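Q: What follows is a structure written as structure tokens; I'll ask about it next.
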Amino acid sequence: MILVLGGEHSGRLEYAATLKVSAGDIAVVTEADARAFAAERQAALDKDAVLAPVLSAVCARLSAFPVVIATEMGWGIIPLEAEERRKREENGRLNIALASLADSVVFLLAGIPRVIKGDVQASLAEPHRFVLCFRHGAVPSNLLRRYAGAGTDEELHADGVGQAQASKEAYAAEVALYPECIREQLLHPAVVYVSPMKRCLQTAKILFPEAELCIVPDFREMDFGLFEGKTASELLSSPQTAASYQAFVDEGAVQGLESSAPCPAGENSRGESAREFSSRTRAAFWNVIQKQHAVSPSVTVIVAHGGTQMALFSAYSRDKSVSCYAFQTGCALWRFGEVVSDGKNHSRAESD
């Protein structure tokens, strides 16, 4: 994405026209965008968290455009009115977030462009690959807060079906605001890559009924072994699992998907560590990327698990400092973003 900044009437639109990008693929940041981003930031602050740009739905949508035009409002006299100061604050915060995600940033002053980040021509020539990953709708174990991994193949709860149906409508409304160059691929993907588990297949059929579903075995959820089907309180209160589960939780809190603490084997599942899970998920994803490139080079659509979202977005998003746990959405919700890795070391738990 190329971010074009400048004051009103500084020549931003004229400069964008020289980039030979379709008008439908150019976004002009609005006051409503800045207000929505401010609301996202405040929601994070209310939870004592800081909103990283890669976690913002507003930034995800805008950064999908090849060219984004934004107004730089911070160079004028500070207004007396509180409302006007608020608008400038929101505008500046969003500009900062977009600049951090941009491949190139160009500043226009008196019609003269100055590249202050990246290489514009390289950004135009570089093929951009996006991934859309839905989490499945709720299953009974989700509602009871039980571990439901690869060893728990449940169908959607009625609530989960409702979540998927509601999400389909919300998603269609959101995608209508995306750039022309990827809008149809997002709304009507020819192929959707899906976990083999029942909850994901059901969710995919609700969301994309006309798409071909391509099952990817290694997109299945993490195998929680002995922990499958149990709540945290049950695991901590059982002599059989208390020590191993506490070790699993403690290392996971520090190491995230780098954790090598294993889930002990259960009666019907062998168990695996977070590192094993993330390694096979990321390797499978890169194989999918290569396959999908022949169909649609821009967008890869996945319906899988919360763990899949964590593994993929923590590996392939721009900001590697964001905790992997932050990338998981609620049931039947989605995460969208750009793939910014060349696939090297994709079989390792960490990404380059």
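Ligands are numbered from 1 in the order shown, residues from 1 within each chain, and chains are lettered A, B, ... in the order they appear in the structure tokens.
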May I have the residues within 10 Å of Ala326 in chain A as a CSV table (one decimal) with N, CA and C atoms, in the first residue's frame, using only C-alpha atoms and disregarding those fewer than 6 positions away in the same chain?
A:
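That gives us around-v4.csv:
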```
chain,number,residue,atom,x,y,z
A,51,LEU,N,-3.9,-0.7,21.1
A,51,LEU,CA,-4.3,-1.3,19.8
A,51,LEU,C,-3.2,-1.2,18.8
A,52,ALA,N,-2.7,-2.3,18.4
A,52,ALA,CA,-1.7,-2.4,17.3
A,52,ALA,C,-2.4,-2.2,16.0
A,55,LEU,N,-4.1,-5.0,14.2
A,55,LEU,CA,-5.3,-5.6,14.8
A,55,LEU,C,-6.5,-4.7,14.5
A,309,GLN,N,-5.9,-18.8,13.3
A,309,GLN,CA,-5.7,-17.4,13.2
A,309,GLN,C,-4.5,-16.9,13.9
A,310,MET,N,-4.3,-17.4,15.1
A,310,MET,CA,-3.1,-17.0,15.9
A,310,MET,C,-1.8,-17.4,15.2
A,313,PHE,N,-1.4,-15.3,11.5
A,313,PHE,CA,-1.3,-13.8,11.6
A,313,PHE,C,-0.1,-13.4,12.4
A,314,SER,N,0.3,-14.2,13.4
A,314,SER,CA,1.5,-13.9,14.2
A,314,SER,C,2.7,-14.1,13.3
```
Q: Counting only C-alpha atoms, what are the residues of range 175-224 of chain A within 10 Å of range 27-39 of chain A, and for each of them which pair of atoms is the nearest and at what distance in Å, to one decimal? Sort the table by chain and rising number, as a tab-separated table.
A:
```
residue	atom	partner	partner_atom	distance
A:Leu177	CA	A:Ala27	CA	9.5
A:Tyr178	CA	A:Ala27	CA	8.9
A:Pro179	CA	A:Ala27	CA	7.8
```
Q: Can you list every residue in range 4-214 of chain A that DSSP puts in alpha helix (DSSP H), as an MDAnalysis selection string?
A: chainID A and resid 12:17 31:45 57:62 82:101 120:125 140:143 158:175 180:187 198:207
Q: I need the residues of range 17-242 of chain A that end up classed as strand (DSSP E) by DSSP on the backbone, written out as number ranges by chain.
A: A: 26-28, 67-71, 104-109, 112-117, 129-135, 191-194, 212-215
Q: Quick one: residues within 9 Å of Arg61 in chain A, only C-alpha atoms counted, chain neighbours fewer than 4 positions away excluded, as a PDB file with all heavy atoms, in the first residue's frame?
A:
```pdb
ATOM      1  N   SER A  56      -6.360  -3.598  13.848  1.00  0.00           N
ATOM      2  CA  SER A  56      -7.447  -2.668  13.565  1.00  0.00           C
ATOM      3  C   SER A  56      -8.207  -3.063  12.305  1.00  0.00           C
ATOM      4  O   SER A  56      -7.607  -3.233  11.236  1.00  0.00           O
ATOM      5  CB  SER A  56      -6.881  -1.254  13.392  1.00  0.00           C
ATOM      6  OG  SER A  56      -7.803  -0.410  12.745  1.00  0.00           O
ATOM      7  N   ALA A  57      -9.518  -3.171  12.420  1.00  0.00           N
ATOM      8  CA  ALA A  57     -10.348  -3.470  11.250  1.00  0.00           C
ATOM      9  C   ALA A  57     -10.323  -2.307  10.266  1.00  0.00           C
ATOM     10  O   ALA A  57     -10.354  -2.515   9.041  1.00  0.00           O
ATOM     11  CB  ALA A  57     -11.780  -3.767  11.690  1.00  0.00           C
ATOM     12  N   PHE A  65      -6.216  -1.266   0.004  1.00  0.00           N
ATOM     13  CA  PHE A  65      -6.195  -0.455  -1.210  1.00  0.00           C
ATOM     14  C   PHE A  65      -4.746  -0.252  -1.665  1.00  0.00           C
ATOM     15  O   PHE A  65      -3.861   0.007  -0.841  1.00  0.00           O
ATOM     16  CB  PHE A  65      -6.836   0.905  -0.951  1.00  0.00           C
ATOM     17  CG  PHE A  65      -8.336   0.881  -0.873  1.00  0.00           C
ATOM     18  CD1 PHE A  65      -8.974   0.507   0.304  1.00  0.00           C
ATOM     19  CD2 PHE A  65      -9.112   1.222  -1.973  1.00  0.00           C
ATOM     20  CE1 PHE A  65     -10.357   0.486   0.385  1.00  0.00           C
ATOM     21  CE2 PHE A  65     -10.489   1.204  -1.899  1.00  0.00           C
ATOM     22  CZ  PHE A  65     -11.127   0.832  -0.727  1.00  0.00           C
ATOM     23  N   GLU A 174     -19.172  -5.186   5.110  1.00  0.00           N
ATOM     24  CA  GLU A 174     -17.802  -4.701   5.270  1.00  0.00           C
ATOM     25  C   GLU A 174     -17.032  -4.774   3.960  1.00  0.00           C
ATOM     26  O   GLU A 174     -16.340  -3.819   3.572  1.00  0.00           O
ATOM     27  CB  GLU A 174     -17.092  -5.530   6.348  1.00  0.00           C
ATOM     28  CG  GLU A 174     -15.617  -5.217   6.526  1.00  0.00           C
ATOM     29  CD  GLU A 174     -15.348  -3.895   7.231  1.00  0.00           C
ATOM     30  OE1 GLU A 174     -16.302  -3.312   7.780  1.00  0.00           O
ATOM     31  OE2 GLU A 174     -14.186  -3.459   7.212  1.00  0.00           O
ATOM     32  N   VAL A 175     -17.167  -5.888   3.257  1.00  0.00           N
ATOM     33  CA  VAL A 175     -16.402  -6.083   2.017  1.00  0.00           C
ATOM     34  C   VAL A 175     -16.831  -5.109   0.931  1.00  0.00           C
ATOM     35  O   VAL A 175     -16.041  -4.769   0.042  1.00  0.00           O
ATOM     36  CB  VAL A 175     -16.536  -7.549   1.536  1.00  0.00           C
ATOM     37  CG1 VAL A 175     -15.970  -7.735   0.141  1.00  0.00           C
ATOM     38  CG2 VAL A 175     -15.813  -8.476   2.509  1.00  0.00           C
ATOM     39  N   LEU A 177     -16.917  -2.148   1.133  1.00  0.00           N
ATOM     40  CA  LEU A 177     -16.062  -0.975   1.274  1.00  0.00           C
ATOM     41  C   LEU A 177     -14.616  -1.242   0.843  1.00  0.00           C
ATOM     42  O   LEU A 177     -13.787  -0.330   0.866  1.00  0.00           O
ATOM     43  CB  LEU A 177     -16.071  -0.503   2.733  1.00  0.00           C
ATOM     44  CG  LEU A 177     -17.449  -0.174   3.321  1.00  0.00           C
ATOM     45  CD1 LEU A 177     -17.304   0.154   4.808  1.00  0.00           C
ATOM     46  CD2 LEU A 177     -18.096   0.972   2.585  1.00  0.00           C
ATOM     47  N   TYR A 178     -14.313  -2.474   0.457  1.00  0.00           N
ATOM     48  CA  TYR A 178     -12.952  -2.842   0.075  1.00  0.00           C
ATOM     49  C   TYR A 178     -12.673  -2.456  -1.373  1.00  0.00           C
ATOM     50  O   TYR A 178     -13.603  -2.180  -2.149  1.00  0.00           O
ATOM     51  CB  TYR A 178     -12.746  -4.344   0.285  1.00  0.00           C
ATOM     52  CG  TYR A 178     -12.330  -4.708   1.692  1.00  0.00           C
ATOM     53  CD1 TYR A 178     -13.185  -4.524   2.769  1.00  0.00           C
ATOM     54  CD2 TYR A 178     -11.070  -5.235   1.952  1.00  0.00           C
ATOM     55  CE1 TYR A 178     -12.805  -4.852   4.063  1.00  0.00           C
ATOM     56  CE2 TYR A 178     -10.679  -5.575   3.239  1.00  0.00           C
ATOM     57  CZ  TYR A 178     -11.550  -5.369   4.287  1.00  0.00           C
ATOM     58  OH  TYR A 178     -11.167  -5.689   5.563  1.00  0.00           O
ATOM     59  N   PRO A 179     -11.409  -2.459  -1.794  1.00  0.00           N
ATOM     60  CA  PRO A 179     -11.074  -2.041  -3.161  1.00  0.00           C
ATOM     61  C   PRO A 179     -11.628  -2.984  -4.221  1.00  0.00           C
ATOM     62  O   PRO A 179     -11.795  -4.184  -3.983  1.00  0.00           O
ATOM     63  CB  PRO A 179      -9.535  -2.042  -3.168  1.00  0.00           C
ATOM     64  CG  PRO A 179      -9.148  -2.974  -2.066  1.00  0.00           C
ATOM     65  CD  PRO A 179     -10.202  -2.804  -1.017  1.00  0.00           C
ATOM     66  N   PHE A 336      -8.365 -10.290   8.650  1.00  0.00           N
ATOM     67  CA  PHE A 336      -7.904 -10.022   7.285  1.00  0.00           C
ATOM     68  C   PHE A 336      -6.575  -9.289   7.353  1.00  0.00           C
ATOM     69  O   PHE A 336      -6.384  -8.409   8.189  1.00  0.00           O
ATOM     70  CB  PHE A 336      -8.935  -9.168   6.542  1.00  0.00           C
ATOM     71  CG  PHE A 336      -8.497  -8.725   5.171  1.00  0.00           C
ATOM     72  CD1 PHE A 336      -8.724  -9.531   4.069  1.00  0.00           C
ATOM     73  CD2 PHE A 336      -7.837  -7.515   4.987  1.00  0.00           C
ATOM     74  CE1 PHE A 336      -8.314  -9.131   2.799  1.00  0.00           C
ATOM     75  CE2 PHE A 336      -7.421  -7.112   3.727  1.00  0.00           C
ATOM     76  CZ  PHE A 336      -7.663  -7.918   2.626  1.00  0.00           C
ATOM     77  N   GLY A 337      -5.671  -9.644   6.470  1.00  0.00           N
ATOM     78  CA  GLY A 337      -4.406  -8.930   6.438  1.00  0.00           C
ATOM     79  C   GLY A 337      -3.525  -9.384   5.293  1.00  0.00           C
ATOM     80  O   GLY A 337      -3.854 -10.311   4.556  1.00  0.00           O
TER      81      GLY A 337
END
```
Q: Which residue out of A:Gly229, A:Leu201, A:Thr18, A:Tyr147 has the minimum interatomic distance to Leu124 in chain A when only C-alpha atoms are used?
A: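 Smallest separation from Leu124 in chain A among the options: A:Thr18.
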Q: Hey, what's within 10 Å of Thr329 in chain A if we count only C-alpha atoms and toss same-chain stuff fewer than 4 positions away? As a list in words, please?
A: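 In the requested form, the answer reads Cys133, Phe134, Arg135, His136, His305, Gly306, Gly307, Gln309, Met310, Tyr325, Leu333, Trp334 and Arg335 of chain A.
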Q: I'd like the neighbourhood of Ile69 in chain A as a PyMOL selection string, where a residue qualifies if any of its atoms comes within 12 Å (using only C-alpha atoms), though same-chain residues fewer than 3 positions away should be ignored.
A: chain A and resi 1-8+10-17+23+25-30+62-63+65-66+72+94-95+98-99+102+105-108
Q: Near Pro196 in chain A, counting only C-alpha atoms, which residues have an atom at most 8 Å away, once you skip same-chain residues fewer than 2 positions from it, shown as a PyMOL selection string?
A: chain A and resi 194+198+200-201+215-217+219-220
Q: Pull all heavy atoms from the residues just selected and write them as a PDB file, in the first residue's frame.
A:
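Below is the file selection_6.pdb, written as the result:
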```pdb
ATOM      1  N   VAL A 194     -10.226 -25.103   3.970  1.00  0.00           N
ATOM      2  CA  VAL A 194     -10.958 -25.331   5.214  1.00  0.00           C
ATOM      3  C   VAL A 194     -10.352 -26.481   6.013  1.00  0.00           C
ATOM      4  O   VAL A 194      -9.832 -27.449   5.451  1.00  0.00           O
ATOM      5  CB  VAL A 194     -12.453 -25.595   4.899  1.00  0.00           C
ATOM      6  CG1 VAL A 194     -12.627 -26.814   4.026  1.00  0.00           C
ATOM      7  CG2 VAL A 194     -13.289 -25.699   6.158  1.00  0.00           C
ATOM      8  N   LYS A 198     -15.667 -30.843  11.501  1.00  0.00           N
ATOM      9  CA  LYS A 198     -17.073 -30.607  11.161  1.00  0.00           C
ATOM     10  C   LYS A 198     -17.475 -29.156  11.356  1.00  0.00           C
ATOM     11  O   LYS A 198     -18.194 -28.564  10.541  1.00  0.00           O
ATOM     12  CB  LYS A 198     -17.974 -31.510  12.014  1.00  0.00           C
ATOM     13  CG  LYS A 198     -17.843 -32.991  11.729  1.00  0.00           C
ATOM     14  CD  LYS A 198     -18.678 -33.803  12.721  1.00  0.00           C
ATOM     15  CE  LYS A 198     -18.499 -35.291  12.517  1.00  0.00           C
ATOM     16  NZ  LYS A 198     -19.244 -36.082  13.545  1.00  0.00           N
ATOM     17  N   CYS A 200     -15.819 -26.455  11.116  1.00  0.00           N
ATOM     18  CA  CYS A 200     -15.296 -25.566  10.086  1.00  0.00           C
ATOM     19  C   CYS A 200     -15.996 -25.793   8.749  1.00  0.00           C
ATOM     20  O   CYS A 200     -16.321 -24.837   8.034  1.00  0.00           O
ATOM     21  CB  CYS A 200     -13.798 -25.770   9.935  1.00  0.00           C
ATOM     22  SG  CYS A 200     -12.866 -25.367  11.426  1.00  0.00           S
ATOM     23  N   LEU A 201     -16.238 -27.048   8.410  1.00  0.00           N
ATOM     24  CA  LEU A 201     -16.932 -27.356   7.164  1.00  0.00           C
ATOM     25  C   LEU A 201     -18.339 -26.762   7.181  1.00  0.00           C
ATOM     26  O   LEU A 201     -18.800 -26.191   6.174  1.00  0.00           O
ATOM     27  CB  LEU A 201     -16.985 -28.865   6.952  1.00  0.00           C
ATOM     28  CG  LEU A 201     -15.638 -29.525   6.618  1.00  0.00           C
ATOM     29  CD1 LEU A 201     -15.719 -31.036   6.806  1.00  0.00           C
ATOM     30  CD2 LEU A 201     -15.240 -29.192   5.184  1.00  0.00           C
ATOM     31  N   ILE A 215     -10.217 -29.178   1.491  1.00  0.00           N
ATOM     32  CA  ILE A 215      -9.846 -29.565   2.853  1.00  0.00           C
ATOM     33  C   ILE A 215      -8.327 -29.612   2.997  1.00  0.00           C
ATOM     34  O   ILE A 215      -7.622 -30.215   2.184  1.00  0.00           O
ATOM     35  CB  ILE A 215     -10.456 -30.928   3.215  1.00  0.00           C
ATOM     36  CG1 ILE A 215     -11.990 -30.801   3.271  1.00  0.00           C
ATOM     37  CG2 ILE A 215      -9.923 -31.430   4.554  1.00  0.00           C
ATOM     38  CD1 ILE A 215     -12.697 -32.107   3.507  1.00  0.00           C
ATOM     39  N   VAL A 216      -7.837 -28.939   4.039  1.00  0.00           N
ATOM     40  CA  VAL A 216      -6.408 -28.930   4.349  1.00  0.00           C
ATOM     41  C   VAL A 216      -6.239 -29.623   5.706  1.00  0.00           C
ATOM     42  O   VAL A 216      -6.522 -29.031   6.754  1.00  0.00           O
ATOM     43  CB  VAL A 216      -5.861 -27.485   4.412  1.00  0.00           C
ATOM     44  CG1 VAL A 216      -4.357 -27.504   4.683  1.00  0.00           C
ATOM     45  CG2 VAL A 216      -6.171 -26.741   3.118  1.00  0.00           C
ATOM     46  N   PRO A 217      -5.818 -30.884   5.723  1.00  0.00           N
ATOM     47  CA  PRO A 217      -5.740 -31.639   6.982  1.00  0.00           C
ATOM     48  C   PRO A 217      -4.965 -30.937   8.083  1.00  0.00           C
ATOM     49  O   PRO A 217      -5.362 -30.978   9.260  1.00  0.00           O
ATOM     50  CB  PRO A 217      -5.070 -32.949   6.562  1.00  0.00           C
ATOM     51  CG  PRO A 217      -5.462 -33.117   5.121  1.00  0.00           C
ATOM     52  CD  PRO A 217      -5.452 -31.722   4.552  1.00  0.00           C
ATOM     53  N   PHE A 219      -4.768 -27.883   8.766  1.00  0.00           N
ATOM     54  CA  PHE A 219      -5.454 -26.719   9.338  1.00  0.00           C
ATOM     55  C   PHE A 219      -6.343 -27.120  10.519  1.00  0.00           C
ATOM     56  O   PHE A 219      -7.036 -26.268  11.085  1.00  0.00           O
ATOM     57  CB  PHE A 219      -6.308 -26.016   8.282  1.00  0.00           C
ATOM     58  CG  PHE A 219      -5.556 -25.058   7.404  1.00  0.00           C
ATOM     59  CD1 PHE A 219      -6.166 -24.488   6.300  1.00  0.00           C
ATOM     60  CD2 PHE A 219      -4.240 -24.724   7.676  1.00  0.00           C
ATOM     61  CE1 PHE A 219      -5.482 -23.601   5.481  1.00  0.00           C
ATOM     62  CE2 PHE A 219      -3.533 -23.847   6.865  1.00  0.00           C
ATOM     63  CZ  PHE A 219      -4.169 -23.281   5.756  1.00  0.00           C
ATOM     64  N   ARG A 220      -6.334 -28.404  10.886  1.00  0.00           N
ATOM     65  CA  ARG A 220      -7.116 -28.825  12.052  1.00  0.00           C
ATOM     66  C   ARG A 220      -6.567 -28.133  13.301  1.00  0.00           C
ATOM     67  O   ARG A 220      -5.416 -27.696  13.327  1.00  0.00           O
ATOM     68  CB  ARG A 220      -7.076 -30.344  12.227  1.00  0.00           C
ATOM     69  CG  ARG A 220      -5.705 -30.881  12.610  1.00  0.00           C
ATOM     70  CD  ARG A 220      -5.631 -32.399  12.513  1.00  0.00           C
ATOM     71  NE  ARG A 220      -4.322 -32.884  12.941  1.00  0.00           N
ATOM     72  CZ  ARG A 220      -3.240 -32.886  12.172  1.00  0.00           C
ATOM     73  NH1 ARG A 220      -3.293 -32.419  10.935  1.00  0.00           N
ATOM     74  NH2 ARG A 220      -2.086 -33.347  12.636  1.00  0.00           N
TER      75      ARG A 220
END
```
Q: Can you tell me, as a list in words, what residues are no more than 8 Å from Asp223 in chain A when counting only C-alpha atoms, ignoring any on the same chain fewer than 6 positions away?
A: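 My reading of the contact set: Gly149, Ala150, Gly151, Cys263, Ser269, Arg270, Gly271, Glu272 and Phe277 of chain A.
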Q: Please save N, CA and C atoms of the selected residues as a PDB file, in the first residue's frame.
A:
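Final output, saved to result.pdb:
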```
ATOM      1  N   GLY A 149     -10.127 -29.346  20.725  1.00  0.00           N
ATOM      2  CA  GLY A 149      -9.074 -29.321  19.734  1.00  0.00           C
ATOM      3  C   GLY A 149      -9.285 -30.366  18.653  1.00  0.00           C
ATOM      4  N   ALA A 150      -8.190 -30.908  18.166  1.00  0.00           N
ATOM      5  CA  ALA A 150      -8.258 -31.892  17.091  1.00  0.00           C
ATOM      6  C   ALA A 150      -8.947 -33.179  17.530  1.00  0.00           C
ATOM      7  N   GLY A 151      -9.011 -33.407  18.837  1.00  0.00           N
ATOM      8  CA  GLY A 151      -9.635 -34.629  19.333  1.00  0.00           C
ATOM      9  C   GLY A 151     -11.104 -34.477  19.663  1.00  0.00           C
ATOM     10  N   CYS A 263       1.053 -31.239  25.358  1.00  0.00           N
ATOM     11  CA  CYS A 263      -0.192 -31.726  25.935  1.00  0.00           C
ATOM     12  C   CYS A 263      -0.043 -33.243  26.026  1.00  0.00           C
ATOM     13  N   SER A 269      -6.184 -39.321  21.453  1.00  0.00           N
ATOM     14  CA  SER A 269      -5.387 -38.314  20.762  1.00  0.00           C
ATOM     15  C   SER A 269      -3.997 -38.261  21.377  1.00  0.00           C
ATOM     16  N   ARG A 270      -3.011 -38.025  20.525  1.00  0.00           N
ATOM     17  CA  ARG A 270      -1.622 -38.103  20.983  1.00  0.00           C
ATOM     18  C   ARG A 270      -1.157 -36.854  21.715  1.00  0.00           C
ATOM     19  N   GLY A 271      -1.835 -35.708  21.467  1.00  0.00           N
ATOM     20  CA  GLY A 271      -1.400 -34.458  22.073  1.00  0.00           C
ATOM     21  C   GLY A 271      -0.236 -33.844  21.299  1.00  0.00           C
ATOM     22  N   GLU A 272      -0.092 -32.538  21.372  1.00  0.00           N
ATOM     23  CA  GLU A 272       1.041 -31.867  20.730  1.00  0.00           C
ATOM     24  C   GLU A 272       1.311 -30.560  21.447  1.00  0.00           C
ATOM     25  N   PHE A 277       2.047 -27.490  16.700  1.00  0.00           N
ATOM     26  CA  PHE A 277       0.822 -27.045  16.039  1.00  0.00           C
ATOM     27  C   PHE A 277       1.093 -25.896  15.078  1.00  0.00           C
TER      28      PHE A 277
END
```
Q: Do you have the CA of Leu186 in chain A-CA of Phe130 in chain A distance handy?
A: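 Interatomic distance, CA of Leu186 in chain A to CA of Phe130 in chain A: 10.0 Å.
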